[in-house]
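Novice: Here it is, the structure in full.
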Amino acid sequence: MIIHGFNKTTLLDYPGRLACSVFTGNCNFRCVFCQNSSLVLEPEKEPVISDREVLDLIKKRRNILQGVCVSGGEPTLDPGLRDFLTAIRETGLPVKLDTNGYEPEILRALIDDGLIEMVAMDIKSDLDGYAEIAGIDRFCPERIEESARLIMESGIEYEFRTTVVREYFTEKTAVGIGKWLKGAKVLHLQDFRDSDGVMVPGLHGWDREHLIQFRDILRKYIEKVEIRGTDAG
Ligand code: SF4
């Protein structure tokens, strides 16, 4: 697997666990608010860390770590993902996979084969607005719908998460997501923060009142909806 980043210890990437995080490059989306645009657009220019080296470090630290988060970019595009996850499984550490959900068949195989214990899937928008945010031609919403469905039915731990951008997220978006994911267990709202590496510069987050309003709309449909990164809860 081609690894472009390795965070030896984090409490943020795998809920409730002291984990390490591995970052792959490349992505099949071009999200307007992507914070990792260089990793997505020009992964060949990013430094590479040997997967063997990363695996050795994880093995050495397996008594300290409580999990491994595999993120990106989009990890399901890397042909070495399965072998990497198989090697992690031998350490006994659980894996959380971060994905945009656009490769449902790969996701299904990883779940069916017991190679991941948790999935975090980005929900970019309601289905009507998805193509505009994902930024790709011939966007196929059925692939996203299938991934969301299989995650909800899989029985493994999961969370959905949505970045809230003022220019793209309205009450209608919240209602659309809620109706689509009705019955889901967890959705985290993350307010957008502008930074140097953003795909499309000049976007904005929402204020606290709007975030709370969106959260409350979504709570009518989804068991647990929380706002991350603010004290709005
Ligand atoms: S936000 Fe995620 S899914 Fe979107 S382009 Fe960036 S890495 Fe890909």
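All residue names refer to the structure tokens as shown: chains lettered A, B, ... in order, residues numbered from 1 in each chain, ligands numbered from 1 in order.
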Any residue with an atom at most 6 Å from ligand 1 counts, using only C-alpha atoms and all ligand atoms. Which are they? Put them as a list of chain:residue names.

Specialist: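 Answer in the requested format: A:Cys27, A:Phe29, A:Arg30, A:Cys31, A:Cys34, A:Asn36, A:Gly72, A:Gly73, A:Glu74, A:Asn100.
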
Novice: Might you pull out every residue within 12 Å of A:Gln35, with only C-alpha atoms counted and same-chain residues fewer than 6 positions away left off, and present them as a list in words?

Specialist: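 Contacts, with the query itself left out: Leu41, Gly72, Gly73, Thr163, Phe192, Arg193, Asp194, Ser195, Asp196, Gly197, Val198, Met199, Val200, Pro201 and Leu203 of chain A.
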
Novice: Any chance you could list, as a VMD selection string, the residues in stretch 7-133 of chain A that come up alpha helix (DSSP H) when DSSP is run on the backbone?

Specialist: chain A and resid 37 to 41 51 to 60 81 to 91 104 to 112 130 to 133

Novice: Name the residues in contact with stretch 139-151 of chain A at a cut-off of 6 Å, using only C-alpha atoms, excluding same-chain residues fewer than 4 positions from it; report them as a PyMOL selection string.

Specialist: chain A and resi 101-102+104+131

Novice: For A:Arg52, work out the shell of residues within 12 Å, counting only C-alpha atoms and skipping chain neighbours fewer than 6 positions away, then give it as a list in words.

Specialist: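 Result of the neighbour search: Met1, Ile2, Ile3, Ile58, Lys59, Gly80, Asp83, Phe84, Ala87 and Ile88 of chain A.
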